[in-house]
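Data block for final-v7.tsv (TSV, N, CA and C atoms):
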```tsv
chain	number	residue	atom	x	y	z
T	14	ARG	N	-17.40	-21.54	4.89
T	14	ARG	CA	-17.42	-20.16	5.31
T	14	ARG	C	-18.85	-19.70	5.46
T	15	THR	N	-19.13	-18.95	6.51
T	15	THR	CA	-20.48	-18.44	6.71
T	15	THR	C	-20.53	-16.96	6.39
T	16	ALA	N	-21.73	-16.50	6.12
T	16	ALA	CA	-21.92	-15.09	5.78
T	16	ALA	C	-21.72	-14.23	7.01
T	17	ALA	N	-21.27	-13.02	6.78
T	17	ALA	CA	-21.17	-12.05	7.87
T	17	ALA	C	-22.59	-11.71	8.31
T	18	PRO	N	-22.81	-11.51	9.60
T	18	PRO	CA	-24.16	-11.21	10.04
T	18	PRO	C	-24.66	-9.93	9.39
T	19	VAL	N	-25.93	-9.92	9.07
T	19	VAL	CA	-26.55	-8.74	8.49
T	19	VAL	C	-26.56	-7.64	9.54
T	20	ALA	N	-26.18	-6.45	9.14
T	20	ALA	CA	-26.20	-5.31	10.07
T	20	ALA	C	-27.64	-4.89	10.28
T	21	ALA	N	-28.21	-5.37	11.34
T	21	ALA	CA	-29.61	-5.05	11.65
T	21	ALA	C	-29.68	-3.63	12.21
T	22	PRO	N	-30.84	-3.02	12.10
T	22	PRO	CA	-31.01	-1.68	12.68
T	22	PRO	C	-30.68	-1.71	14.17
T	23	ASP	N	-30.31	-0.56	14.73
T	23	ASP	CA	-29.91	-0.49	16.14
T	23	ASP	C	-31.05	-0.83	17.09
T	24	GLY	N	-32.20	-0.24	16.87
T	24	GLY	CA	-33.33	-0.47	17.77
T	24	GLY	C	-34.48	-1.11	17.02
T	25	PRO	N	-35.58	-1.36	17.72
T	25	PRO	CA	-36.75	-1.95	17.07
T	25	PRO	C	-37.24	-1.08	15.91
T	26	VAL	N	-37.70	-1.75	14.86
T	26	VAL	CA	-38.23	-1.07	13.68
T	26	VAL	C	-39.68	-1.52	13.52
T	27	GLU	N	-40.57	-0.55	13.29
T	27	GLU	CA	-41.97	-0.88	13.10
T	27	GLU	C	-42.44	-0.26	11.79
T	28	ILE	N	-42.92	-1.10	10.90
T	28	ILE	CA	-43.46	-0.63	9.62
T	28	ILE	C	-44.82	-1.30	9.46
T	29	GLY	N	-45.86	-0.48	9.44
T	29	GLY	CA	-47.21	-1.04	9.39
T	29	GLY	C	-47.45	-1.90	10.62
T	30	SER	N	-47.87	-3.13	10.42
T	30	SER	CA	-48.14	-4.06	11.53
T	30	SER	C	-46.96	-4.96	11.86
T	31	VAL	N	-45.82	-4.76	11.18
T	31	VAL	CA	-44.64	-5.59	11.40
T	31	VAL	C	-43.66	-4.86	12.31
T	32	ARG	N	-43.25	-5.55	13.38
T	32	ARG	CA	-42.27	-4.99	14.32
T	32	ARG	C	-41.10	-5.96	14.43
T	33	LEU	N	-39.89	-5.45	14.17
T	33	LEU	CA	-38.69	-6.26	14.24
T	33	LEU	C	-37.79	-5.69	15.33
T	34	ASP	N	-37.39	-6.55	16.26
T	34	ASP	CA	-36.50	-6.15	17.35
T	34	ASP	C	-35.18	-6.91	17.19
T	35	PRO	N	-34.14	-6.24	16.67
T	35	PRO	CA	-32.88	-6.93	16.41
T	35	PRO	C	-32.19	-7.44	17.67
T	36	ALA	N	-32.32	-6.72	18.78
T	36	ALA	CA	-31.66	-7.13	20.02
T	36	ALA	C	-32.23	-8.46	20.52
T	37	ARG	N	-33.53	-8.63	20.40
T	37	ARG	CA	-34.18	-9.87	20.83
T	37	ARG	C	-34.30	-10.89	19.70
T	38	ARG	N	-33.94	-10.46	18.48
T	38	ARG	CA	-34.13	-11.28	17.27
T	38	ARG	C	-35.55	-11.79	17.21
T	39	SER	N	-36.48	-10.86	17.42
T	39	SER	CA	-37.90	-11.24	17.40
T	39	SER	C	-38.66	-10.38	16.41
T	40	VAL	N	-39.74	-10.95	15.91
T	40	VAL	CA	-40.62	-10.27	14.97
T	40	VAL	C	-42.04	-10.50	15.42
T	41	SER	N	-42.84	-9.45	15.35
T	41	SER	CA	-44.27	-9.61	15.63
T	41	SER	C	-45.07	-8.99	14.49
T	42	PHE	N	-46.25	-9.56	14.27
T	42	PHE	CA	-47.17	-9.07	13.26
T	42	PHE	C	-48.53	-8.92	13.92
T	43	ASP	N	-49.10	-7.73	13.84
T	43	ASP	CA	-50.37	-7.43	14.52
T	43	ASP	C	-50.29	-7.76	16.00
T	44	GLY	N	-49.11	-7.53	16.61
T	44	GLY	CA	-48.93	-7.75	18.04
T	44	GLY	C	-48.67	-9.18	18.44
T	45	LYS	N	-48.67	-10.12	17.48
T	45	LYS	CA	-48.42	-11.53	17.79
T	45	LYS	C	-47.02	-11.91	17.33
T	46	GLU	N	-46.31	-12.63	18.21
T	46	GLU	CA	-44.95	-13.09	17.91
T	46	GLU	C	-44.99	-14.04	16.71
T	47	VAL	N	-44.02	-13.87	15.80
T	47	VAL	CA	-43.91	-14.70	14.60
T	47	VAL	C	-42.58	-15.45	14.66
T	48	GLU	N	-42.64	-16.77	14.52
T	48	GLU	CA	-41.42	-17.59	14.53
T	48	GLU	C	-40.75	-17.52	13.16
T	49	LEU	N	-39.50	-17.08	13.12
T	49	LEU	CA	-38.75	-17.03	11.87
T	49	LEU	C	-37.46	-17.82	11.99
T	50	ALA	N	-37.09	-18.48	10.91
T	50	ALA	CA	-35.78	-19.13	10.84
T	50	ALA	C	-34.72	-18.03	10.78
T	51	ARG	N	-33.47	-18.38	11.06
T	51	ARG	CA	-32.38	-17.39	11.10
T	51	ARG	C	-32.27	-16.61	9.80
T	52	LYS	N	-32.27	-17.30	8.67
T	52	LYS	CA	-32.15	-16.63	7.37
T	52	LYS	C	-33.36	-15.76	7.09
T	53	GLU	N	-34.55	-16.21	7.47
T	53	GLU	CA	-35.76	-15.40	7.29
T	53	GLU	C	-35.65	-14.10	8.07
T	54	PHE	N	-35.17	-14.19	9.32
T	54	PHE	CA	-35.01	-12.99	10.15
T	54	PHE	C	-34.00	-12.04	9.51
T	55	ASP	N	-32.85	-12.57	9.09
T	55	ASP	CA	-31.81	-11.73	8.49
T	55	ASP	C	-32.30	-11.07	7.21
T	56	LEU	N	-33.05	-11.81	6.41
T	56	LEU	CA	-33.61	-11.28	5.18
T	56	LEU	C	-34.61	-10.16	5.47
T	57	LEU	N	-35.50	-10.40	6.42
T	57	LEU	CA	-36.49	-9.39	6.80
T	57	LEU	C	-35.81	-8.15	7.37
T	58	ALA	N	-34.78	-8.35	8.20
T	58	ALA	CA	-34.06	-7.21	8.79
T	58	ALA	C	-33.46	-6.33	7.71
T	59	LEU	N	-32.86	-6.94	6.70
T	59	LEU	CA	-32.26	-6.16	5.62
T	59	LEU	C	-33.33	-5.44	4.80
T	60	LEU	N	-34.41	-6.13	4.48
T	60	LEU	CA	-35.49	-5.50	3.71
T	60	LEU	C	-36.12	-4.34	4.48
T	61	MET	N	-36.34	-4.52	5.79
T	61	MET	CA	-36.95	-3.46	6.59
T	61	MET	C	-35.98	-2.29	6.78
T	62	GLN	N	-34.70	-2.59	6.88
T	62	GLN	CA	-33.68	-1.55	7.02
T	62	GLN	C	-33.68	-0.65	5.78
T	63	GLU	N	-33.98	-1.23	4.64
T	63	GLU	CA	-33.99	-0.49	3.37
T	63	GLU	C	-35.43	-0.24	2.90
T	64	ALA	N	-36.38	-0.19	3.82
T	64	ALA	CA	-37.81	-0.07	3.50
T	64	ALA	C	-38.07	1.01	2.46
T	65	GLY	N	-38.87	0.64	1.46
T	65	GLY	CA	-39.24	1.56	0.40
T	65	GLY	C	-38.31	1.49	-0.79
T	66	ALA	N	-37.08	1.03	-0.58
T	66	ALA	CA	-36.10	0.93	-1.67
T	66	ALA	C	-36.05	-0.50	-2.19
T	67	VAL	N	-35.69	-0.64	-3.45
T	67	VAL	CA	-35.51	-1.97	-4.03
T	67	VAL	C	-34.15	-2.49	-3.59
T	68	VAL	N	-34.14	-3.69	-3.01
T	68	VAL	CA	-32.88	-4.33	-2.62
T	68	VAL	C	-32.60	-5.42	-3.65
T	69	GLN	N	-31.47	-5.31	-4.32
T	69	GLN	CA	-31.14	-6.24	-5.39
T	69	GLN	C	-30.95	-7.65	-4.87
T	70	ARG	N	-31.34	-8.61	-5.70
T	70	ARG	CA	-31.21	-10.03	-5.36
T	70	ARG	C	-29.77	-10.37	-4.96
T	71	GLU	N	-28.81	-9.86	-5.73
T	71	GLU	CA	-27.40	-10.16	-5.47
T	71	GLU	C	-26.99	-9.68	-4.08
T	72	ARG	N	-27.44	-8.50	-3.70
T	72	ARG	CA	-27.10	-7.97	-2.38
T	72	ARG	C	-27.71	-8.83	-1.28
T	73	LEU	N	-28.97	-9.23	-1.47
T	73	LEU	CA	-29.63	-10.07	-0.47
T	73	LEU	C	-28.87	-11.39	-0.28
T	74	ILE	N	-28.49	-12.01	-1.40
T	74	ILE	CA	-27.76	-13.27	-1.31
T	74	ILE	C	-26.39	-13.06	-0.67
T	75	ASP	N	-25.68	-12.00	-1.09
T	75	ASP	CA	-24.34	-11.72	-0.53
T	75	ASP	C	-24.39	-11.46	0.97
T	76	GLU	N	-25.39	-10.70	1.43
T	76	GLU	CA	-25.43	-10.30	2.84
T	76	GLU	C	-26.12	-11.32	3.74
T	77	VAL	N	-27.12	-12.01	3.23
T	77	VAL	CA	-27.84	-12.97	4.08
T	77	VAL	C	-27.21	-14.36	4.00
T	78	TRP	N	-26.74	-14.74	2.83
T	78	TRP	CA	-26.08	-16.03	2.68
T	78	TRP	C	-24.58	-15.82	2.72
T	79	ASP	N	-23.96	-15.58	1.60
T	79	ASP	CA	-22.51	-15.46	1.55
T	79	ASP	C	-22.12	-14.96	0.17
T	80	VAL	N	-21.06	-14.16	0.10
T	80	VAL	CA	-20.60	-13.68	-1.21
T	80	VAL	C	-20.12	-14.84	-2.08
T	81	ASN	N	-19.76	-15.94	-1.45
T	81	ASN	CA	-19.30	-17.12	-2.19
T	81	ASN	C	-20.40	-18.15	-2.39
T	82	TRP	N	-21.66	-17.76	-2.20
T	82	TRP	CA	-22.80	-18.68	-2.35
T	82	TRP	C	-22.91	-19.13	-3.79
T	83	PHE	N	-22.91	-20.44	-3.99
T	83	PHE	CA	-23.01	-20.97	-5.35
T	83	PHE	C	-24.29	-21.76	-5.55
T	84	GLY	N	-25.20	-21.71	-4.58
T	84	GLY	CA	-26.46	-22.42	-4.71
T	84	GLY	C	-27.41	-21.69	-5.64
T	85	SER	N	-28.58	-22.23	-5.77
T	85	SER	CA	-29.60	-21.64	-6.62
T	85	SER	C	-30.16	-20.37	-6.00
T	86	THR	N	-30.45	-19.38	-6.85
T	86	THR	CA	-31.09	-18.16	-6.34
T	86	THR	C	-32.54	-18.43	-5.96
T	87	LYS	N	-33.03	-19.61	-6.30
T	87	LYS	CA	-34.39	-19.99	-5.90
T	87	LYS	C	-34.49	-20.07	-4.38
T	88	THR	N	-33.37	-20.29	-3.71
T	88	THR	CA	-33.35	-20.30	-2.24
T	88	THR	C	-33.89	-18.98	-1.72
T	89	LEU	N	-33.49	-17.88	-2.33
T	89	LEU	CA	-33.98	-16.56	-1.95
T	89	LEU	C	-35.49	-16.48	-2.14
T	90	ASP	N	-35.98	-16.97	-3.27
T	90	ASP	CA	-37.42	-16.94	-3.55
T	90	ASP	C	-38.21	-17.76	-2.53
T	91	VAL	N	-37.65	-18.90	-2.13
T	91	VAL	CA	-38.31	-19.75	-1.14
T	91	VAL	C	-38.41	-19.02	0.20
T	92	HIS	N	-37.33	-18.37	0.62
T	92	HIS	CA	-37.34	-17.64	1.89
T	92	HIS	C	-38.29	-16.44	1.85
T	93	VAL	N	-38.32	-15.73	0.72
T	93	VAL	CA	-39.26	-14.61	0.58
T	93	VAL	C	-40.69	-15.14	0.63
T	94	GLY	N	-40.94	-16.28	-0.02
T	94	GLY	CA	-42.26	-16.89	0.02
T	94	GLY	C	-42.67	-17.26	1.43
T	95	ALA	N	-41.73	-17.78	2.21
T	95	ALA	CA	-42.02	-18.14	3.61
T	95	ALA	C	-42.36	-16.89	4.42
T	96	LEU	N	-41.61	-15.80	4.20
T	96	LEU	CA	-41.90	-14.54	4.91
T	96	LEU	C	-43.29	-14.02	4.54
T	97	ARG	N	-43.64	-14.11	3.26
T	97	ARG	CA	-44.96	-13.63	2.82
T	97	ARG	C	-46.07	-14.43	3.49
T	98	LYS	N	-45.86	-15.72	3.69
T	98	LYS	CA	-46.88	-16.55	4.35
T	98	LYS	C	-46.99	-16.21	5.83
T	99	LYS	N	-45.86	-15.94	6.47
T	99	LYS	CA	-45.86	-15.67	7.91
T	99	LYS	C	-46.32	-14.26	8.24
T	100	LEU	N	-46.12	-13.34	7.31
T	100	LEU	CA	-46.57	-11.96	7.48
T	100	LEU	C	-47.72	-11.75	6.49
T	101	ASP	N	-47.96	-10.55	6.11
T	101	ASP	CA	-48.95	-10.25	5.08
T	101	ASP	C	-48.20	-10.15	3.76
T	102	PRO	N	-48.62	-10.88	2.72
T	102	PRO	CA	-47.89	-10.87	1.45
T	102	PRO	C	-47.72	-9.48	0.83
T	103	SER	N	-48.59	-8.55	1.19
T	103	SER	CA	-48.54	-7.22	0.56
T	103	SER	C	-47.36	-6.37	1.04
T	104	TYR	N	-46.59	-6.84	2.02
T	104	TYR	CA	-45.44	-6.08	2.51
T	104	TYR	C	-44.21	-6.23	1.61
T	105	ILE	N	-44.03	-7.38	1.00
T	105	ILE	CA	-42.83	-7.63	0.20
T	105	ILE	C	-43.22	-7.69	-1.27
T	106	HIS	N	-42.73	-6.72	-2.02
T	106	HIS	CA	-43.04	-6.63	-3.45
T	106	HIS	C	-41.85	-7.12	-4.26
T	107	THR	N	-42.14	-7.90	-5.29
T	107	THR	CA	-41.11	-8.34	-6.22
T	107	THR	C	-40.94	-7.28	-7.29
T	108	VAL	N	-39.70	-6.90	-7.54
T	108	VAL	CA	-39.39	-6.02	-8.67
T	108	VAL	C	-38.70	-6.93	-9.67
T	109	ARG	N	-39.46	-7.36	-10.64
T	109	ARG	CA	-39.04	-8.41	-11.57
T	109	ARG	C	-37.66	-8.14	-12.18
T	110	GLY	N	-36.80	-9.13	-12.08
T	110	GLY	CA	-35.47	-9.05	-12.65
T	110	GLY	C	-34.48	-8.22	-11.84
T	111	VAL	N	-34.95	-7.64	-10.72
T	111	VAL	CA	-34.07	-6.77	-9.93
T	111	VAL	C	-33.93	-7.27	-8.50
T	112	GLY	N	-35.05	-7.33	-7.76
T	112	GLY	CA	-34.99	-7.72	-6.36
T	112	GLY	C	-36.33	-7.58	-5.67
T	113	PHE	N	-36.28	-7.13	-4.42
T	113	PHE	CA	-37.49	-7.03	-3.60
T	113	PHE	C	-37.53	-5.70	-2.87
T	114	ARG	N	-38.74	-5.27	-2.53
T	114	ARG	CA	-38.95	-4.01	-1.83
T	114	ARG	C	-39.93	-4.25	-0.70
T	115	PHE	N	-39.60	-3.77	0.50
T	115	PHE	CA	-40.48	-3.89	1.67
T	115	PHE	C	-41.21	-2.57	1.84
T	116	VAL	N	-42.54	-2.62	1.82
T	116	VAL	CA	-43.36	-1.42	2.01
T	116	VAL	C	-44.55	-1.73	2.89
T	117	SER	N	-45.01	-0.72	3.58
T	117	SER	CA	-46.24	-0.85	4.35
T	117	SER	C	-47.41	-0.81	3.37
T	118	PRO	N	-48.38	-1.71	3.51
T	118	PRO	CA	-49.53	-1.70	2.60
T	118	PRO	C	-50.23	-0.34	2.54
T	119	GLU	N	-50.19	0.42	3.64
T	119	GLU	CA	-50.82	1.74	3.67
T	119	GLU	C	-50.15	2.69	2.68
T	120	GLU	N	-48.84	2.51	2.46
T	120	GLU	CA	-48.11	3.39	1.54
T	120	GLU	C	-48.49	3.11	0.09
T	121	VAL	N	-48.92	1.87	-0.19
T	121	VAL	CA	-49.23	1.47	-1.55
T	121	VAL	C	-50.62	1.94	-1.96
T	122	SER	N	-51.57	1.90	-1.00
T	122	SER	CA	-52.95	2.24	-1.36
T	122	SER	C	-53.12	3.68	-1.72
```

Would you write the structure of this file as structure tokens?
Amino acid sequence: RTAAPVAAPDGPVEIGSVRLDPARRSVSFDGKEVELARKEFDLLALLMQEAGAVVQRERLIDEVWDVNWFGSTKTLDVHVGALRKKLDPSYIHTVRGVGFRFVSPEEVS
């Protein structure tokens, strides 16, 4: 069984230097196209959709993978790590023991 597709925002979303276009399934950073795997894109779409709010690990796994996912939650950490490398690490904050939060670095300073 595969996970239901993540409900991406209707139109393009731009937060800081990150632009996500759900219709084209494309992401750019500082105006340059960024290649993302399917799960990375779905994860980023959900985090950007909930920008500023903490998204719980369980919700991320349920919506990006599957509610019946029995693999390691380290898979989520690996995908978040890949996103941090492809974008600027300061966009995705870990909320220890809870989940992750997507914020523009300008909002943090």

- Contacts of Pro35 in chain T at 8 Å or less, counting only N, CA and C atoms, minus same-chain residues fewer than 3 places along, as a list in words?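 Here the answer would be Ala21, Pro22, Asp23, Gly24, Pro25, Val26, Arg32, Arg38, Ser39, Val40 and Ala58 of chain T.
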
Can you write just those residues out, N, CA and C atoms, as a PDB file, keeping the file's coordinate frame?
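Result went into part-v3.pdb, see below:
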```pdb
ATOM      1  N   ALA T  21     -28.210  -5.370  11.340  1.00  0.00           N
ATOM      2  CA  ALA T  21     -29.610  -5.050  11.650  1.00  0.00           C
ATOM      3  C   ALA T  21     -29.680  -3.630  12.210  1.00  0.00           C
ATOM      4  N   PRO T  22     -30.840  -3.020  12.100  1.00  0.00           N
ATOM      5  CA  PRO T  22     -31.010  -1.680  12.680  1.00  0.00           C
ATOM      6  C   PRO T  22     -30.680  -1.710  14.170  1.00  0.00           C
ATOM      7  N   ASP T  23     -30.310  -0.560  14.730  1.00  0.00           N
ATOM      8  CA  ASP T  23     -29.910  -0.490  16.140  1.00  0.00           C
ATOM      9  C   ASP T  23     -31.050  -0.830  17.090  1.00  0.00           C
ATOM     10  N   GLY T  24     -32.200  -0.240  16.870  1.00  0.00           N
ATOM     11  CA  GLY T  24     -33.330  -0.470  17.770  1.00  0.00           C
ATOM     12  C   GLY T  24     -34.480  -1.110  17.020  1.00  0.00           C
ATOM     13  N   PRO T  25     -35.580  -1.360  17.720  1.00  0.00           N
ATOM     14  CA  PRO T  25     -36.750  -1.950  17.070  1.00  0.00           C
ATOM     15  C   PRO T  25     -37.240  -1.080  15.910  1.00  0.00           C
ATOM     16  N   VAL T  26     -37.700  -1.750  14.860  1.00  0.00           N
ATOM     17  CA  VAL T  26     -38.230  -1.070  13.680  1.00  0.00           C
ATOM     18  C   VAL T  26     -39.680  -1.520  13.520  1.00  0.00           C
ATOM     19  N   ARG T  32     -43.250  -5.550  13.380  1.00  0.00           N
ATOM     20  CA  ARG T  32     -42.270  -4.990  14.320  1.00  0.00           C
ATOM     21  C   ARG T  32     -41.100  -5.960  14.430  1.00  0.00           C
ATOM     22  N   ARG T  38     -33.940 -10.460  18.480  1.00  0.00           N
ATOM     23  CA  ARG T  38     -34.130 -11.280  17.270  1.00  0.00           C
ATOM     24  C   ARG T  38     -35.550 -11.790  17.210  1.00  0.00           C
ATOM     25  N   SER T  39     -36.480 -10.860  17.420  1.00  0.00           N
ATOM     26  CA  SER T  39     -37.900 -11.240  17.400  1.00  0.00           C
ATOM     27  C   SER T  39     -38.660 -10.380  16.410  1.00  0.00           C
ATOM     28  N   VAL T  40     -39.740 -10.950  15.910  1.00  0.00           N
ATOM     29  CA  VAL T  40     -40.620 -10.270  14.970  1.00  0.00           C
ATOM     30  C   VAL T  40     -42.040 -10.500  15.420  1.00  0.00           C
ATOM     31  N   ALA T  58     -34.780  -8.350   8.200  1.00  0.00           N
ATOM     32  CA  ALA T  58     -34.060  -7.210   8.790  1.00  0.00           C
ATOM     33  C   ALA T  58     -33.460  -6.330   7.710  1.00  0.00           C
TER      34      ALA T  58
END
```

- Query: Can you list every residue in chain T that DSSP puts in alpha helix (DSSP H), as an MDAnalysis selection string?
  - Reply: chainID T and resid 51:62 70:73 87:99 118:121

Export of prior selection with N, CA and C atoms as a compact mmCIF listing (two decimals), in the coordinates of the input:
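And here's result-v9.txt as it stands now:
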```txt
# COMPACT_ATOMS: atom_id res chain seq x y z
N ARG T 51 -33.47 -18.38 11.06
CA ARG T 51 -32.38 -17.39 11.10
C ARG T 51 -32.27 -16.61 9.80
N LYS T 52 -32.27 -17.30 8.67
CA LYS T 52 -32.15 -16.63 7.37
C LYS T 52 -33.36 -15.76 7.09
N GLU T 53 -34.55 -16.21 7.47
CA GLU T 53 -35.76 -15.40 7.29
C GLU T 53 -35.65 -14.10 8.07
N PHE T 54 -35.17 -14.19 9.32
CA PHE T 54 -35.01 -12.99 10.15
C PHE T 54 -34.00 -12.04 9.51
N ASP T 55 -32.85 -12.57 9.09
CA ASP T 55 -31.81 -11.73 8.49
C ASP T 55 -32.30 -11.07 7.21
N LEU T 56 -33.05 -11.81 6.41
CA LEU T 56 -33.61 -11.28 5.18
C LEU T 56 -34.61 -10.16 5.47
N LEU T 57 -35.50 -10.40 6.42
CA LEU T 57 -36.49 -9.39 6.80
C LEU T 57 -35.81 -8.15 7.37
N ALA T 58 -34.78 -8.35 8.20
CA ALA T 58 -34.06 -7.21 8.79
C ALA T 58 -33.46 -6.33 7.71
N LEU T 59 -32.86 -6.94 6.70
CA LEU T 59 -32.26 -6.16 5.62
C LEU T 59 -33.33 -5.44 4.80
N LEU T 60 -34.41 -6.13 4.48
CA LEU T 60 -35.49 -5.50 3.71
C LEU T 60 -36.12 -4.34 4.48
N MET T 61 -36.34 -4.52 5.79
CA MET T 61 -36.95 -3.46 6.59
C MET T 61 -35.98 -2.29 6.78
N GLN T 62 -34.70 -2.59 6.88
CA GLN T 62 -33.68 -1.55 7.02
C GLN T 62 -33.68 -0.65 5.78
N ARG T 70 -31.34 -8.61 -5.70
CA ARG T 70 -31.21 -10.03 -5.36
C ARG T 70 -29.77 -10.37 -4.96
N GLU T 71 -28.81 -9.86 -5.73
CA GLU T 71 -27.40 -10.16 -5.47
C GLU T 71 -26.99 -9.68 -4.08
N ARG T 72 -27.44 -8.50 -3.70
CA ARG T 72 -27.10 -7.97 -2.38
C ARG T 72 -27.71 -8.83 -1.28
N LEU T 73 -28.97 -9.23 -1.47
CA LEU T 73 -29.63 -10.07 -0.47
C LEU T 73 -28.87 -11.39 -0.28
N LYS T 87 -33.03 -19.61 -6.30
CA LYS T 87 -34.39 -19.99 -5.90
C LYS T 87 -34.49 -20.07 -4.38
N THR T 88 -33.37 -20.29 -3.71
CA THR T 88 -33.35 -20.30 -2.24
C THR T 88 -33.89 -18.98 -1.72
N LEU T 89 -33.49 -17.88 -2.33
CA LEU T 89 -33.98 -16.56 -1.95
C LEU T 89 -35.49 -16.48 -2.14
N ASP T 90 -35.98 -16.97 -3.27
CA ASP T 90 -37.42 -16.94 -3.55
C ASP T 90 -38.21 -17.76 -2.53
N VAL T 91 -37.65 -18.90 -2.13
CA VAL T 91 -38.31 -19.75 -1.14
C VAL T 91 -38.41 -19.02 0.20
N HIS T 92 -37.33 -18.37 0.62
CA HIS T 92 -37.34 -17.64 1.89
C HIS T 92 -38.29 -16.44 1.85
N VAL T 93 -38.32 -15.73 0.72
CA VAL T 93 -39.26 -14.61 0.58
C VAL T 93 -40.69 -15.14 0.63
N GLY T 94 -40.94 -16.28 -0.02
CA GLY T 94 -42.26 -16.89 0.02
C GLY T 94 -42.67 -17.26 1.43
N ALA T 95 -41.73 -17.78 2.21
CA ALA T 95 -42.02 -18.14 3.61
C ALA T 95 -42.36 -16.89 4.42
N LEU T 96 -41.61 -15.80 4.20
CA LEU T 96 -41.90 -14.54 4.91
C LEU T 96 -43.29 -14.02 4.54
N ARG T 97 -43.64 -14.11 3.26
CA ARG T 97 -44.96 -13.63 2.82
C ARG T 97 -46.07 -14.43 3.49
N LYS T 98 -45.86 -15.72 3.69
CA LYS T 98 -46.88 -16.55 4.35
C LYS T 98 -46.99 -16.21 5.83
N LYS T 99 -45.86 -15.94 6.47
CA LYS T 99 -45.86 -15.67 7.91
C LYS T 99 -46.32 -14.26 8.24
N PRO T 118 -48.38 -1.71 3.51
CA PRO T 118 -49.53 -1.70 2.60
C PRO T 118 -50.23 -0.34 2.54
N GLU T 119 -50.19 0.42 3.64
CA GLU T 119 -50.82 1.74 3.67
C GLU T 119 -50.15 2.69 2.68
N GLU T 120 -48.84 2.51 2.46
CA GLU T 120 -48.11 3.39 1.54
C GLU T 120 -48.49 3.11 0.09
N VAL T 121 -48.92 1.87 -0.19
CA VAL T 121 -49.23 1.47 -1.55
C VAL T 121 -50.62 1.94 -1.96
```

- Message: Need the shell around range 103-116 of chain T: protein/DNA/RNA residues with any atom at most 5 Å away, counting all atoms listed in the file. Skip same-chain ones fewer than 5 positions apart. Format as a PyMOL selection string?
- Response: chain T and resi 64-70

- strand (DSSP E or B) per DSSP on the backbone: members of range 29-120 of chain T, as a PyMOL selection string: chain T and resi 31-34+39-42+45-47+67-69+105-108+112-115

For the residues in the current selection, export N, CA and C atoms as a tab-separated table (two decimals), keeping the file's coordinate frame.
```tsv
chain	number	residue	atom	x	y	z
T	31	VAL	N	-45.82	-4.76	11.18
T	31	VAL	CA	-44.64	-5.59	11.40
T	31	VAL	C	-43.66	-4.86	12.31
T	32	ARG	N	-43.25	-5.55	13.38
T	32	ARG	CA	-42.27	-4.99	14.32
T	32	ARG	C	-41.10	-5.96	14.43
T	33	LEU	N	-39.89	-5.45	14.17
T	33	LEU	CA	-38.69	-6.26	14.24
T	33	LEU	C	-37.79	-5.69	15.33
T	34	ASP	N	-37.39	-6.55	16.26
T	34	ASP	CA	-36.50	-6.15	17.35
T	34	ASP	C	-35.18	-6.91	17.19
T	39	SER	N	-36.48	-10.86	17.42
T	39	SER	CA	-37.90	-11.24	17.40
T	39	SER	C	-38.66	-10.38	16.41
T	40	VAL	N	-39.74	-10.95	15.91
T	40	VAL	CA	-40.62	-10.27	14.97
T	40	VAL	C	-42.04	-10.50	15.42
T	41	SER	N	-42.84	-9.45	15.35
T	41	SER	CA	-44.27	-9.61	15.63
T	41	SER	C	-45.07	-8.99	14.49
T	42	PHE	N	-46.25	-9.56	14.27
T	42	PHE	CA	-47.17	-9.07	13.26
T	42	PHE	C	-48.53	-8.92	13.92
T	45	LYS	N	-48.67	-10.12	17.48
T	45	LYS	CA	-48.42	-11.53	17.79
T	45	LYS	C	-47.02	-11.91	17.33
T	46	GLU	N	-46.31	-12.63	18.21
T	46	GLU	CA	-44.95	-13.09	17.91
T	46	GLU	C	-44.99	-14.04	16.71
T	47	VAL	N	-44.02	-13.87	15.80
T	47	VAL	CA	-43.91	-14.70	14.60
T	47	VAL	C	-42.58	-15.45	14.66
T	67	VAL	N	-35.69	-0.64	-3.45
T	67	VAL	CA	-35.51	-1.97	-4.03
T	67	VAL	C	-34.15	-2.49	-3.59
T	68	VAL	N	-34.14	-3.69	-3.01
T	68	VAL	CA	-32.88	-4.33	-2.62
T	68	VAL	C	-32.60	-5.42	-3.65
T	69	GLN	N	-31.47	-5.31	-4.32
T	69	GLN	CA	-31.14	-6.24	-5.39
T	69	GLN	C	-30.95	-7.65	-4.87
T	105	ILE	N	-44.03	-7.38	1.00
T	105	ILE	CA	-42.83	-7.63	0.20
T	105	ILE	C	-43.22	-7.69	-1.27
T	106	HIS	N	-42.73	-6.72	-2.02
T	106	HIS	CA	-43.04	-6.63	-3.45
T	106	HIS	C	-41.85	-7.12	-4.26
T	107	THR	N	-42.14	-7.90	-5.29
T	107	THR	CA	-41.11	-8.34	-6.22
T	107	THR	C	-40.94	-7.28	-7.29
T	108	VAL	N	-39.70	-6.90	-7.54
T	108	VAL	CA	-39.39	-6.02	-8.67
T	108	VAL	C	-38.70	-6.93	-9.67
T	112	GLY	N	-35.05	-7.33	-7.76
T	112	GLY	CA	-34.99	-7.72	-6.36
T	112	GLY	C	-36.33	-7.58	-5.67
T	113	PHE	N	-36.28	-7.13	-4.42
T	113	PHE	CA	-37.49	-7.03	-3.60
T	113	PHE	C	-37.53	-5.70	-2.87
T	114	ARG	N	-38.74	-5.27	-2.53
T	114	ARG	CA	-38.95	-4.01	-1.83
T	114	ARG	C	-39.93	-4.25	-0.70
T	115	PHE	N	-39.60	-3.77	0.50
T	115	PHE	CA	-40.48	-3.89	1.67
T	115	PHE	C	-41.21	-2.57	1.84
```

- Query: So, counting only N, CA and C atoms, which residue among T:Val77, T:Gly84, T:Arg97, T:Asp90 is closest to Lys52 in chain T?
  - Reply: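 Answer, going by the shortest atom-to-atom distance: T:Val77.
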
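Closest approach to Lys45 in chain T from the set T:Asp75, T:His92, T:Ser85, T:Ser30 is made by T:Ser30, with distances taken over only C-alpha atoms.
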
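You will find atom C of Ser41 in chain T at 13.6 Å from atom N of Pro118 in chain T.
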
- Note on the structure: From atom N of Thr86 in chain T to atom N of Arg37 in chain T the spacing works out at 29.5 Å

- Query: When you draw a straight line from CA of Asp79 in chain T to CA of Lys98 in chain T, how long is it in Å?
  - Reply: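 CA of Lys98 in chain T lies 24.6 Å from CA of Asp79 in chain T.
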